[in-house]
>>> print(open('protein.cif').read())   # mmCIF, C-alpha atoms
data_query
loop_
_atom_site.label_atom_id
_atom_site.label_comp_id
_atom_site.auth_asym_id
_atom_site.auth_seq_id
_atom_site.Cartn_x
_atom_site.Cartn_y
_atom_site.Cartn_z
CA MET C 189 -18.44 -85.08 -29.08
CA THR C 190 -17.36 -84.43 -25.47
CA PRO C 191 -13.93 -82.83 -25.69
CA ILE C 192 -11.09 -84.68 -24.02
CA PRO C 193 -9.82 -82.67 -21.01
CA ASP C 194 -6.46 -81.00 -21.62
CA ASN C 195 -4.73 -82.57 -18.62
CA VAL C 196 -2.72 -85.70 -17.78
CA GLU C 197 -5.90 -87.74 -17.31
CA GLY C 198 -6.98 -86.66 -20.78
CA ALA C 199 -3.60 -87.73 -22.14
CA PHE C 200 -4.02 -91.19 -20.56
CA LEU C 201 -7.56 -91.44 -21.90
CA ILE C 202 -6.60 -90.49 -25.45
CA SER C 203 -3.63 -92.88 -25.35
CA ILE C 204 -5.62 -95.88 -24.15
CA ILE C 205 -8.43 -95.31 -26.65
CA ASP C 206 -5.99 -94.76 -29.52
CA PHE C 207 -3.80 -97.78 -28.67
CA VAL C 208 -6.73 -100.16 -28.29
CA LEU C 209 -8.59 -98.85 -31.36
CA SER C 210 -5.51 -99.08 -33.54
CA PHE C 211 -5.16 -102.76 -32.59
CA VAL C 212 -8.82 -103.30 -33.49
CA ILE C 213 -8.52 -101.58 -36.88
CA ILE C 214 -5.20 -103.21 -37.74
CA SER C 215 -6.67 -106.60 -36.80
CA GLY C 216 -9.55 -105.89 -39.18
CA ILE C 217 -7.04 -105.12 -41.93
CA GLY C 218 -5.29 -108.38 -41.04
CA VAL C 219 -8.56 -110.29 -41.45
CA VAL C 220 -9.13 -108.68 -44.86
CA LEU C 221 -5.59 -109.61 -45.92
CA ALA C 222 -6.13 -113.18 -44.70
CA LEU C 223 -9.19 -113.41 -46.97
CA LEU C 224 -7.42 -111.85 -49.97
CA PRO C 225 -6.03 -115.13 -51.37
CA LEU C 226 -9.66 -116.22 -52.00
CA VAL C 227 -9.77 -113.91 -55.04
CA ASN C 228 -7.21 -116.17 -56.73
CA ARG C 229 -9.87 -118.88 -57.02
CA TYR C 230 -12.03 -116.77 -59.29
CA TRP C 231 -9.59 -114.72 -61.32
CA ALA C 232 -5.96 -114.75 -62.35
CA ILE C 233 -3.83 -112.07 -63.97
CA ASP C 234 -0.83 -112.87 -66.08
CA ASP C 235 1.95 -110.33 -65.64
CA ASN C 236 2.80 -110.63 -69.33
CA ASP C 237 -0.64 -109.29 -70.26
CA LEU C 238 0.12 -106.13 -68.29
CA LYS C 239 3.80 -105.66 -69.02
CA GLY C 240 3.13 -104.63 -72.63
CA GLY C 241 2.37 -101.15 -71.33
CA HIS C 242 -0.11 -98.70 -72.84
CA MET A 266 36.50 -36.36 -44.23
CA LEU A 267 37.74 -39.23 -42.07
CA ASP A 268 34.57 -39.07 -39.99
CA GLN A 269 32.49 -39.30 -43.16
CA LEU A 270 34.45 -42.34 -44.36
CA LEU A 271 34.12 -44.06 -40.99
CA SER A 272 30.41 -43.32 -40.94
CA LEU A 273 30.04 -44.76 -44.44
CA PHE A 274 31.87 -47.97 -43.55
CA ASP A 275 29.80 -48.24 -40.40
CA SER A 276 26.59 -48.03 -42.46
CA LEU A 277 27.89 -50.61 -44.88
CA LEU A 278 28.85 -52.97 -42.06
CA LYS A 279 25.43 -52.61 -40.41
CA GLN A 280 23.80 -53.75 -43.64
CA THR A 281 25.75 -57.00 -43.68
CA GLY A 282 24.66 -60.14 -41.88
CA LEU A 283 27.90 -60.03 -39.90
CA ALA A 284 26.68 -57.12 -37.80
CA HIS A 285 23.61 -59.07 -36.68
CA LEU A 286 25.26 -62.44 -36.08
CA TYR A 287 24.91 -63.74 -32.54
CA TRP A 288 26.02 -66.90 -30.74
CA GLY A 289 22.72 -68.69 -31.52
CA ASN A 290 23.33 -68.34 -35.27
CA ILE A 291 26.83 -69.76 -34.88
CA VAL A 292 25.52 -72.76 -32.90
CA MET A 293 22.86 -73.54 -35.52
CA ILE A 294 25.34 -73.08 -38.40
CA ALA A 295 27.50 -75.65 -36.61
CA VAL A 296 24.46 -77.97 -36.23
CA GLY A 297 23.76 -77.66 -39.95
CA ALA A 298 27.42 -78.31 -40.76
CA ILE A 299 27.39 -81.45 -38.59
CA MET A 300 24.31 -82.70 -40.47
CA VAL A 301 26.03 -82.21 -43.81
CA TYR A 302 29.16 -83.93 -42.45
CA LEU A 303 27.14 -86.93 -41.22
CA ALA A 304 25.42 -87.16 -44.58
CA VAL A 305 28.58 -86.96 -46.70
CA ALA A 306 31.31 -88.54 -44.54
CA LYS A 307 29.22 -91.13 -42.69
CA LYS A 308 26.56 -91.63 -45.40
CA CYS A 309 23.88 -91.12 -42.75
CA GLU A 310 20.54 -90.47 -44.54
CA PRO A 311 22.20 -88.19 -47.13
CA PHE A 312 18.97 -87.66 -49.08
CA LEU A 313 17.51 -85.92 -46.04
CA LEU A 314 20.42 -84.47 -44.08
CA ILE A 315 22.15 -82.62 -46.93
CA GLY A 316 19.09 -80.49 -47.67
CA ILE A 317 18.13 -80.01 -44.03
CA GLY A 318 21.67 -79.21 -42.95
CA PHE A 319 22.42 -76.79 -45.78
CA ALA A 320 19.14 -74.92 -45.36
CA CYS A 321 19.82 -74.74 -41.61
CA ILE A 322 23.22 -73.12 -42.29
CA VAL A 323 21.84 -70.58 -44.76
CA VAL A 324 18.79 -69.60 -42.74
CA ASN A 325 21.01 -68.75 -39.77
CA ILE A 326 23.00 -66.20 -41.74
CA PRO A 327 21.35 -62.89 -40.82
CA GLY A 328 20.18 -60.93 -43.81
CA SER A 329 19.56 -63.96 -46.01
CA ASP A 330 15.84 -63.50 -46.43
CA LEU A 331 15.25 -66.91 -47.96
CA ALA A 332 12.97 -67.99 -45.10
CA LEU A 333 11.12 -64.71 -44.80
CA PRO A 334 7.70 -64.25 -46.48
CA GLY A 335 8.30 -64.13 -50.21
CA GLY A 336 11.64 -65.90 -49.95
CA LEU A 337 12.39 -69.14 -51.80
CA PHE A 338 12.49 -71.28 -48.66
CA ASP A 339 9.22 -69.73 -47.55
CA TYR A 340 7.53 -71.10 -50.67
CA ALA A 341 9.05 -74.51 -49.94
CA TYR A 342 7.65 -74.25 -46.42
CA LYS A 343 4.22 -73.38 -47.86
CA GLY A 344 4.31 -76.73 -49.66
CA VAL A 345 4.64 -78.35 -46.25
CA SER A 346 2.27 -76.10 -44.30
CA LEU A 347 -0.46 -76.45 -46.95
CA LEU A 348 0.03 -80.25 -46.69
CA ILE A 349 0.91 -80.64 -50.38
CA VAL A 350 4.42 -82.07 -49.99
CA PRO A 351 3.80 -84.92 -47.48
CA PRO A 352 1.09 -86.61 -49.63
CA LEU A 353 3.34 -86.29 -52.70
CA ILE A 354 6.16 -87.96 -50.75
CA PHE A 355 3.75 -90.80 -49.96
CA LEU A 356 2.80 -91.06 -53.65
CA GLY A 357 6.44 -91.73 -54.44
CA VAL A 358 6.89 -94.09 -51.50
CA GLY A 359 3.86 -96.13 -52.59
CA ALA A 360 5.27 -96.37 -56.11
CA ILE A 361 8.52 -97.95 -54.89
CA THR A 362 7.11 -100.21 -52.18
CA ASP A 363 6.31 -103.90 -52.52
CA PHE A 364 3.59 -104.73 -49.98
CA GLY A 365 3.93 -108.45 -50.74
CA PRO A 366 5.62 -109.34 -47.42
CA MET A 367 2.76 -107.73 -45.51
CA ILE A 368 0.06 -109.43 -47.62
CA ALA A 369 1.81 -112.81 -47.38
CA ASN A 370 1.68 -113.04 -43.58
CA PRO A 371 -1.33 -111.06 -42.31
CA LYS A 372 -0.88 -111.86 -38.61
CA LEU A 373 2.32 -109.82 -38.59
CA VAL A 374 0.30 -106.63 -39.09
CA LEU A 375 -0.43 -106.76 -35.36
CA LEU A 376 3.20 -105.81 -34.83
CA GLY A 377 2.46 -102.61 -36.75
CA ALA A 378 0.09 -101.66 -33.92
CA GLY A 379 2.07 -103.16 -31.04
CA ALA A 380 5.22 -101.22 -31.87
CA HIS A 381 3.46 -97.87 -31.45
CA LEU A 382 3.26 -97.83 -27.67
CA GLY A 383 6.08 -95.29 -27.82
CA ILE A 384 3.71 -92.73 -29.34
CA PHE A 385 1.53 -92.80 -26.24
CA VAL A 386 4.36 -92.92 -23.68
CA ALA A 387 5.80 -89.77 -25.28
CA LEU A 388 2.34 -88.18 -25.46
CA ILE A 389 1.68 -88.72 -21.75
CA LEU A 390 5.16 -87.55 -20.72
CA ALA A 391 4.81 -84.46 -22.92
CA LYS A 392 1.57 -83.61 -21.14
CA VAL A 393 3.27 -84.09 -17.76
CA LEU A 394 5.98 -81.66 -18.90
CA GLY A 395 3.34 -79.02 -19.56
CA PHE A 396 2.69 -79.22 -23.30
CA SER A 397 -0.92 -78.88 -24.42
CA LEU A 398 -2.75 -82.05 -25.49
CA SER A 399 -2.45 -81.07 -29.16
CA GLU A 400 1.29 -80.40 -28.79
CA ALA A 401 1.71 -83.67 -26.87
CA GLY A 402 -0.07 -85.53 -29.68
CA ALA A 403 2.23 -84.02 -32.29
CA ILE A 404 5.30 -84.89 -30.17
CA GLY A 405 4.02 -88.42 -29.58
CA ILE A 406 3.70 -89.11 -33.29
CA ILE A 407 7.51 -88.94 -33.54
CA GLY A 408 7.27 -92.49 -32.17
CA GLY A 409 5.51 -93.52 -35.35
CA ALA A 410 8.88 -93.14 -37.10
CA ASP A 411 7.21 -91.85 -40.25
CA GLY A 412 8.48 -88.47 -41.47
CA PRO A 413 5.59 -87.39 -43.72
CA MET A 414 3.01 -88.57 -41.15
CA ALA A 415 4.82 -86.72 -38.35
CA ILE A 416 4.82 -83.55 -40.46
CA PHE A 417 1.17 -84.03 -41.44
CA VAL A 418 -0.06 -84.50 -37.86
CA THR A 419 2.18 -81.71 -36.54
CA MET A 420 0.85 -79.21 -39.09
CA LYS A 421 -2.68 -80.10 -37.98
CA LEU A 422 -2.05 -80.11 -34.22
CA ALA A 423 0.95 -77.86 -33.48
CA PRO A 424 2.51 -76.23 -36.57
CA HIS A 425 4.78 -74.07 -34.41
CA LEU A 426 6.58 -77.26 -33.33
CA LEU A 427 7.31 -78.46 -36.89
CA SER A 428 11.01 -77.70 -36.69
CA PRO A 429 12.01 -79.70 -33.56
CA ILE A 430 9.53 -82.51 -34.27
CA SER A 431 10.58 -83.10 -37.87
CA VAL A 432 14.29 -82.85 -37.01
CA ALA A 433 13.81 -85.28 -34.11
CA ALA A 434 11.79 -87.72 -36.24
CA TYR A 435 14.23 -87.83 -39.15
CA SER A 436 17.31 -87.85 -36.92
CA TYR A 437 16.12 -90.79 -34.84
CA MET A 438 15.10 -92.69 -37.96
CA ALA A 439 18.68 -92.32 -39.15
CA LEU A 440 19.96 -93.43 -35.72
CA MET A 441 17.83 -96.57 -35.56
CA PRO A 442 20.78 -98.91 -36.21
CA ILE A 443 22.25 -97.55 -32.96
CA ILE A 444 19.10 -97.16 -30.84
CA GLN A 445 17.31 -100.44 -31.55
CA PRO A 446 19.79 -103.35 -31.30
CA PRO A 447 20.62 -103.08 -27.55
CA ILE A 448 16.90 -102.99 -26.70
CA MET A 449 16.18 -105.94 -28.99
CA ARG A 450 18.93 -108.05 -27.39
CA LEU A 451 17.91 -107.06 -23.86
CA LEU A 452 14.33 -108.24 -24.38
CA THR A 453 15.00 -111.54 -26.15
CA THR A 454 16.72 -114.79 -25.25
CA LYS A 455 19.34 -116.42 -27.45
CA ALA A 456 16.86 -119.15 -28.36
CA GLU A 457 14.25 -116.57 -29.42
CA ARG A 458 16.76 -114.67 -31.54
CA ASN A 459 17.60 -117.91 -33.37
CA ILE A 460 14.03 -118.75 -34.38
CA GLN A 461 13.94 -119.62 -38.07
CA MET A 462 10.90 -118.40 -39.95
CA ALA A 463 9.25 -120.33 -42.75
CA GLN A 464 9.43 -119.01 -46.28
CA LEU A 465 6.58 -116.68 -47.14
CA ARG A 466 3.98 -117.67 -49.72
CA LYS A 467 3.99 -116.05 -53.15
CA VAL A 468 1.52 -113.19 -53.43
CA SER A 469 -0.34 -113.01 -56.75
CA ARG A 470 -0.48 -109.93 -59.00
CA LEU A 471 -4.26 -109.80 -58.48
CA GLU A 472 -3.85 -109.58 -54.72
CA LYS A 473 -1.28 -106.81 -55.10
CA ILE A 474 -3.66 -104.83 -57.33
CA ILE A 475 -6.69 -105.26 -55.07
CA PHE A 476 -4.71 -104.44 -51.91
CA PRO A 477 -4.26 -100.66 -52.42
CA VAL A 478 -7.91 -100.20 -53.41
CA ILE A 479 -9.23 -102.05 -50.38
CA ILE A 480 -6.87 -100.35 -47.94
CA ALA A 481 -7.67 -96.88 -49.31
CA VAL A 482 -11.39 -97.53 -48.86
CA ILE A 483 -11.07 -98.98 -45.34
CA VAL A 484 -8.66 -96.43 -43.89
CA ASN A 485 -10.37 -93.43 -45.52
CA LEU A 486 -13.81 -94.62 -44.38
CA PHE A 487 -12.69 -94.80 -40.78
CA PHE A 488 -10.08 -92.01 -40.70
CA PRO A 489 -10.85 -89.19 -43.12
CA PRO A 490 -8.26 -86.86 -41.51
CA VAL A 491 -5.41 -89.00 -42.86
CA ALA A 492 -7.08 -89.63 -46.22
CA PRO A 493 -4.63 -87.42 -48.17
CA LEU A 494 -1.65 -89.49 -47.07
CA VAL A 495 -3.15 -92.97 -47.32
CA THR A 496 -4.83 -92.18 -50.66
CA MET A 497 -1.57 -91.05 -52.25
CA LEU A 498 0.37 -93.99 -50.76
CA MET A 499 -2.12 -96.44 -52.24
CA LEU A 500 -2.36 -94.58 -55.56
CA GLY A 501 1.40 -94.77 -55.97
CA ASN A 502 1.32 -98.46 -55.10
CA LEU A 503 -1.46 -99.06 -57.63
CA PHE A 504 0.64 -97.37 -60.35
CA ARG A 505 3.42 -99.82 -59.46
CA GLU A 506 1.36 -102.99 -59.28
CA VAL A 507 -0.81 -102.67 -62.40
CA LEU A 508 2.39 -102.68 -64.52
CA ILE A 509 0.69 -101.01 -67.50
CA VAL A 510 1.51 -97.44 -66.38
CA GLY A 511 5.22 -97.95 -65.84
CA ARG A 512 5.95 -94.32 -66.81
CA LEU A 513 3.70 -93.02 -64.03
CA ALA A 514 5.18 -95.40 -61.47
CA ASP A 515 8.72 -94.48 -62.54
CA THR A 516 7.96 -90.74 -62.38
CA ALA A 517 6.18 -90.96 -59.00
CA GLY A 518 8.90 -93.11 -57.46
CA GLY A 519 11.78 -91.37 -59.21
CA THR A 520 11.81 -87.78 -60.39
CA LEU A 521 8.77 -86.61 -58.42
CA LEU A 522 9.94 -88.23 -55.18
CA ASN A 523 13.40 -86.66 -55.61
CA LEU A 524 11.89 -83.25 -56.34
CA VAL A 525 9.57 -83.17 -53.34
CA THR A 526 12.34 -84.56 -51.12
CA ILE A 527 14.44 -81.52 -52.06
CA VAL A 528 11.52 -79.19 -51.27
CA LEU A 529 10.74 -80.99 -48.00
CA THR A 530 14.30 -81.04 -46.67
CA VAL A 531 14.87 -77.38 -47.54
CA ALA A 532 11.57 -76.47 -45.88
CA ILE A 533 12.46 -78.35 -42.69
CA GLY A 534 15.95 -76.86 -42.58
CA SER A 535 14.55 -73.38 -43.10
CA THR A 536 12.57 -73.65 -39.85
CA MET A 537 15.76 -74.20 -37.85
CA SER A 538 16.55 -70.56 -37.15
CA ALA A 539 18.32 -70.01 -33.84
CA LYS A 540 15.56 -67.84 -32.41
CA THR A 541 12.93 -70.58 -32.74
CA PHE A 542 15.03 -73.73 -32.45
CA LEU A 543 17.33 -73.05 -29.52
CA SER A 544 15.05 -73.45 -26.55
CA VAL A 545 14.34 -75.72 -23.60
CA GLN A 546 11.26 -76.87 -25.48
CA THR A 547 13.42 -78.24 -28.31
CA VAL A 548 15.57 -80.20 -25.85
CA GLU A 549 12.42 -81.62 -24.26
CA ILE A 550 10.98 -82.63 -27.64
CA VAL A 551 14.24 -84.26 -28.74
CA GLY A 552 14.37 -86.17 -25.44
CA LEU A 553 10.73 -87.27 -25.73
CA GLY A 554 11.37 -88.41 -29.30
CA LEU A 555 14.12 -90.72 -28.06
CA ILE A 556 11.81 -92.11 -25.37
CA ALA A 557 9.15 -92.74 -28.03
CA PHE A 558 11.59 -94.71 -30.18
CA VAL A 559 12.91 -96.75 -27.24
CA PHE A 560 9.43 -97.72 -26.03
CA GLY A 561 8.23 -98.38 -29.58
CA THR A 562 11.12 -100.76 -30.21
CA ALA A 563 10.53 -102.53 -26.89
CA SER A 564 6.77 -102.83 -27.35
CA GLY A 565 7.19 -104.28 -30.85
CA VAL A 566 9.50 -107.00 -29.56
CA VAL A 567 7.24 -107.73 -26.58
CA THR A 568 4.16 -107.90 -28.85
CA ALA A 569 5.93 -110.56 -30.93
CA LYS A 570 6.78 -112.52 -27.78
CA ILE A 571 3.13 -112.34 -26.64
CA MET A 572 1.97 -113.54 -30.06
CA ASN A 573 4.32 -116.51 -29.75
CA LEU A 574 2.39 -117.65 -26.66
CA PHE A 575 -0.57 -118.34 -28.97
CA LEU A 576 1.12 -119.37 -32.21
CA LYS A 577 2.12 -122.90 -33.18
CA THR A 578 4.63 -121.58 -35.74
CA LYS A 579 6.72 -119.11 -33.81
CA ILE A 580 7.87 -115.78 -35.14
CA ASN A 581 11.32 -114.41 -34.46
CA PRO A 582 10.64 -111.56 -31.98
CA LEU A 583 13.46 -109.52 -33.52
CA ILE A 584 11.07 -108.58 -36.35
CA GLY A 585 8.72 -107.02 -33.79
CA SER A 586 10.84 -103.87 -33.59
CA ALA A 587 10.37 -103.38 -37.33
CA GLY A 588 6.72 -102.55 -36.65
CA ILE A 589 7.84 -99.07 -35.71
CA ALA A 590 7.67 -98.10 -39.44
CA SER A 591 10.64 -96.19 -40.92
CA VAL A 592 10.72 -98.38 -44.00
CA PRO A 593 13.12 -100.07 -44.69
CA ILE A 594 15.59 -99.05 -41.98
CA ALA A 595 13.87 -100.86 -39.11
CA ALA A 596 13.46 -104.05 -41.16
CA ARG A 597 17.13 -103.91 -42.10
CA VAL A 598 18.08 -103.54 -38.41
CA SER A 599 16.01 -106.63 -37.50
CA HIS A 600 17.72 -108.60 -40.25
CA ILE A 601 21.22 -107.46 -39.29
CA VAL A 602 20.76 -108.24 -35.57
CA ALA A 603 19.40 -111.69 -36.42
CA ASN A 604 22.11 -112.35 -38.99
CA LYS A 605 24.85 -111.42 -36.50
CA GLU A 606 23.29 -113.90 -34.07
CA ASN A 607 23.13 -116.62 -36.70
CA PRO A 608 24.48 -116.14 -40.23
CA ARG A 609 21.84 -118.57 -41.51
CA LEU A 610 19.04 -116.27 -40.41
CA TYR A 611 17.73 -114.15 -43.25
CA LEU A 612 14.84 -112.12 -41.88
CA ILE A 613 14.68 -109.08 -44.15
CA TYR A 614 11.66 -110.26 -46.12
CA HIS A 615 9.81 -111.32 -42.96
CA ALA A 616 10.69 -108.06 -41.18
CA MET A 617 9.30 -106.04 -44.10
CA GLY A 618 5.82 -107.32 -43.21
CA PRO A 619 5.57 -105.57 -39.82
CA ASN A 620 7.69 -102.70 -41.15
CA LEU A 621 5.08 -101.93 -43.82
CA ALA A 622 2.24 -102.55 -41.38
CA GLY A 623 3.87 -99.92 -39.19
CA VAL A 624 3.17 -97.30 -41.84
CA PHE A 625 -0.53 -98.07 -41.52
CA GLY A 626 -0.18 -98.31 -37.76
CA THR A 627 1.14 -94.75 -37.68
CA ALA A 628 -1.56 -93.55 -40.08
CA ILE A 629 -4.27 -95.19 -37.96
CA SER A 630 -2.83 -93.90 -34.66
CA GLY A 631 -2.50 -90.43 -36.18
CA GLY A 632 -6.00 -90.58 -37.62
CA ILE A 633 -7.53 -91.62 -34.30
CA LEU A 634 -5.56 -88.88 -32.54
CA LEU A 635 -6.82 -86.21 -34.95
CA ALA A 636 -10.38 -87.51 -34.65
CA LEU A 637 -10.28 -87.56 -30.83
CA LEU A 638 -8.88 -84.03 -30.74
CA GLY A 639 -11.60 -82.87 -33.14
CA VAL A 640 -9.23 -81.93 -35.98
CA LYS A 641 -10.29 -82.50 -39.60
#
>>> encode(input="protein.cif", output="structure tokens")
Amino acid sequence: MTPIPDNVEGAFLISIIDFVLSFVIISGIGVVLALLPLVNRYWAIDDNDLKGGH
Amino acid sequence: MLDQLLSLFDSLLKQTGLAHLYWGNIVMIAVGAIMVYLAVAKKCEPFLLIGIGFACIVVNIPGSDLALPGGLFDYAYKGVSLLIVPPLIFLGVGAITDFGPMIANPKLVLLGAGAHLGIFVALILAKVLGFSLSEAGAIGIIGGADGPMAIFVTMKLAPHLLSPISVAAYSYMALMPIIQPPIMRLLTTKAERNIQMAQLRKVSRLEKIIFPVIIAVIVNLFFPPVAPLVTMLMLGNLFREVLIVGRLADTAGGTLLNLVTIVLTVAIGSTMSAKTFLSVQTVEIVGLGLIAFVFGTASGVVTAKIMNLFLKTKINPLIGSAGIASVPIAARVSHIVANKENPRLYLIYHAMGPNLAGVFGTAISGGILLALLGVK
């Protein structure tokens, strides 16, 4: 991977890439979370079944 | 005879710490004392400041070899430098955290990214001031308002800056109730501050169990450098949510968390010796940390306002500042500012969503930073 230059331009570059990418990844996590309620259609867990401990 | 006695007393005096005390030690002892005072008298982050402050006092007494190689504080520091303590802190944090508010309203996770502009403002300014790119990255991560993540990234990028960075990060987290509200009020209108938010949906047990597994896989796949932290955070959360291993969840979130907090705070305090801490560099880092927090708060609020341009059901922009992480302080600040505006506004549960997303925002920003700088 081409190293990022250790100067102010490099700092701008790393900041822009990081800021934009983090939005992309977080949005992806948001999409996964939006789909999460679908699992409730196929399976349900009763808390009382788990609270008995082991 | 008298000469011999005087010579003997002189030798004895030279062996005491008193003979080697200089003004820098006295300043740092005072700094440590102020930290302990703030913790005890003002109840300002006592779990952190008592250990940090006391260790700072002791390490600045010449002759106390606690921080030297082989000393007790040195072993505590090894727990930090070998990156054992931060992941264990996250194990405990995961075990006491309910991610329900974040799962219930997924669009609010965007605030966890939006509120991290401060990281990059501080990074760029640090580079302008002459720090290397690695040092600037470590300084920037103060803006993520996440102590263990700041320590983790700093140890990877610029371990020699651990002391000022960790002190700045934890101090500003404690000062959030003072730093954030003026910025939040400046950037919002009265009408925006009074936006009522709808009640969040109930999140099922199944969702809460699947969540940590999915997040661990996604984040670790894309950002292996931060795998130790995210893995332990999600493991602790899984202990909590499955309910059947209550003992493990209680230990991780109770005794273990308390134990590693003691080790962490003592380790941080032990790095605050006058010779390393009192420098222009420390002042610059502390100043940049404040800039990071200010811009992070502002960008979180502005991100919420931008989202409102596209949303039918508006969000109260005051919860945007909670995306800066620092769970649950930032969420509490959002709630208090809103509640002061309108006593019928109860935003704490809504603000926890972006607040928790901010933890992942910091992990993702830190992970990308480490990847771009070629650090594993």
>>> resolve_selection(input="protein.cif", expression="the PyMOL selection byres ((chain C and resi 238) around 12)", output="list in words")
Ile233, Asp234, Asp235, Asn236, Asp237, Lys239, Gly240, Gly241 and His242 of chain C; Arg470, Leu471, Ile474, Phe504, Arg505, Glu506, Val507, Leu508, Ile509, Val510 and Gly511 of chain A
>>> resolve_selection(input="protein.cif", expression="the PyMOL selection byres ((chain A and resi 283-292) around 7)", output="PyMOL selection string")
chain A and resi 278-279+281-282+293-296+325-327+539
>>> write_last_selection(input="protein.cif", atoms="C-alpha atoms", output="compact mmCIF listing (two decimals), keeping the file's coordinate frame")
# COMPACT_ATOMS: atom_id res chain seq x y z
CA LEU A 278 28.85 -52.97 -42.06
CA LYS A 279 25.43 -52.61 -40.41
CA THR A 281 25.75 -57.00 -43.68
CA GLY A 282 24.66 -60.14 -41.88
CA MET A 293 22.86 -73.54 -35.52
CA ILE A 294 25.34 -73.08 -38.40
CA ALA A 295 27.50 -75.65 -36.61
CA VAL A 296 24.46 -77.97 -36.23
CA ASN A 325 21.01 -68.75 -39.77
CA ILE A 326 23.00 -66.20 -41.74
CA PRO A 327 21.35 -62.89 -40.82
CA ALA A 539 18.32 -70.01 -33.84
>>> interface_residues(input="protein.cif", of="chain C", to="chain A", cutoff="7 Å", atoms="all atoms listed in the file", output="list in words")
Asp194, Asn195, Val196, Ala199, Phe200, Ser203, Asp206, Ser210, Phe211, Ile214, Ser215, Gly218, Leu221, Ala222, Leu224, Pro225, Ala232, Ile233, Leu238, Lys239, Gly240, Gly241 and His242 of chain C
>>> resolve_selection(input="protein.cif", expression="the PyMOL selection byres ((chain A and resi 561) around 12)", output="ChimeraX atom specification")
/A:376-387,405-410,441,444-445,448-449,554-560,562-568,585-591,595,623,626-627
>>> closest_residue(input="protein.cif", among="A:Gly344, A:Gly412, A:Pro490, A:Pro424", to="Leu313 (chain A)", atoms="all atoms listed in the file")
A:Gly412
>>> residues_around(input="protein.cif", residues="region 350-358 of chain A", least_positions_apart="3", cutoff="6 Å", atoms="only C-alpha atoms", output="ChimeraX atom specification")
/A:344-345,361,413,493-494,497-498,501,517-518,522
>>> atom_distance(input="protein.cif", atom1="CA of Leu583 (chain A)", atom2="CA of Val208 (chain C)")
22.9 Å
>>> residues_around(input="protein.cif", residues="Tyr302 (chain A)", least_positions_apart="6", cutoff="12 Å", atoms="only C-alpha atoms", output="list in words")
Ala295, Val296, Lys308, Cys309, Glu310, Pro311, Leu314, Ile315, Gly316, Ile317, Gly318 and Phe319 of chain A
>>> atom_distance(input="protein.cif", atom1="CA of Leu451 (chain A)", atom2="CA of Ser436 (chain A)")
23.2 Å
>>> axis_aligned_box(input="protein.cif", around="region 303-311 of chain A", padding_each_side="8 Å", output="JSON")
{"center_x": 25.9, "center_y": -89.3, "center_z": -44.2, "size_x": 26.8, "size_y": 20.7, "size_z": 21.9}
>>> decode(input="protein.cif", residues="region 320-330 of chain A", atoms="N, CA and C atoms", output="PDB file, in the first residue's frame")
ATOM      1  N   ALA A 320      -1.643   8.404  42.094  1.00  0.00           N
ATOM      2  CA  ALA A 320      -0.427   7.880  41.457  1.00  0.00           C
ATOM      3  C   ALA A 320       0.449   9.025  40.958  1.00  0.00           C
ATOM      4  N   CYS A 321      -0.192  10.092  40.473  1.00  0.00           N
ATOM      5  CA  CYS A 321       0.555  11.269  40.010  1.00  0.00           C
ATOM      6  C   CYS A 321       1.345  11.886  41.171  1.00  0.00           C
ATOM      7  N   ILE A 322       0.706  11.980  42.343  1.00  0.00           N
ATOM      8  CA  ILE A 322       1.384  12.545  43.526  1.00  0.00           C
ATOM      9  C   ILE A 322       2.603  11.694  43.881  1.00  0.00           C
ATOM     10  N   VAL A 323       2.369  10.384  43.987  1.00  0.00           N
ATOM     11  CA  VAL A 323       3.426   9.480  44.468  1.00  0.00           C
ATOM     12  C   VAL A 323       4.599   9.409  43.494  1.00  0.00           C
ATOM     13  N   VAL A 324       4.287   9.399  42.193  1.00  0.00           N
ATOM     14  CA  VAL A 324       5.355   9.211  41.215  1.00  0.00           C
ATOM     15  C   VAL A 324       6.250  10.452  41.123  1.00  0.00           C
ATOM     16  N   ASN A 325       5.749  11.584  41.626  1.00  0.00           N
ATOM     17  CA  ASN A 325       6.538  12.809  41.599  1.00  0.00           C
ATOM     18  C   ASN A 325       7.296  13.054  42.905  1.00  0.00           C
ATOM     19  N   ILE A 326       7.317  12.041  43.761  1.00  0.00           N
ATOM     20  CA  ILE A 326       8.162  12.122  44.957  1.00  0.00           C
ATOM     21  C   ILE A 326       9.467  11.422  44.592  1.00  0.00           C
ATOM     22  N   PRO A 327      10.553  12.165  44.460  1.00  0.00           N
ATOM     23  CA  PRO A 327      11.823  11.542  44.050  1.00  0.00           C
ATOM     24  C   PRO A 327      12.227  10.433  45.007  1.00  0.00           C
ATOM     25  N   GLY A 328      12.719   9.366  44.441  1.00  0.00           N
ATOM     26  CA  GLY A 328      13.149   8.248  45.285  1.00  0.00           C
ATOM     27  C   GLY A 328      12.113   7.162  45.392  1.00  0.00           C
ATOM     28  N   SER A 329      10.824   7.507  45.139  1.00  0.00           N
ATOM     29  CA  SER A 329       9.817   6.435  45.157  1.00  0.00           C
ATOM     30  C   SER A 329       9.914   5.740  43.808  1.00  0.00           C
ATOM     31  N   ASP A 330      10.443   4.551  43.810  1.00  0.00           N
ATOM     32  CA  ASP A 330      10.761   3.867  42.558  1.00  0.00           C
ATOM     33  C   ASP A 330       9.597   3.067  41.999  1.00  0.00           C
TER      34      ASP A 330
END
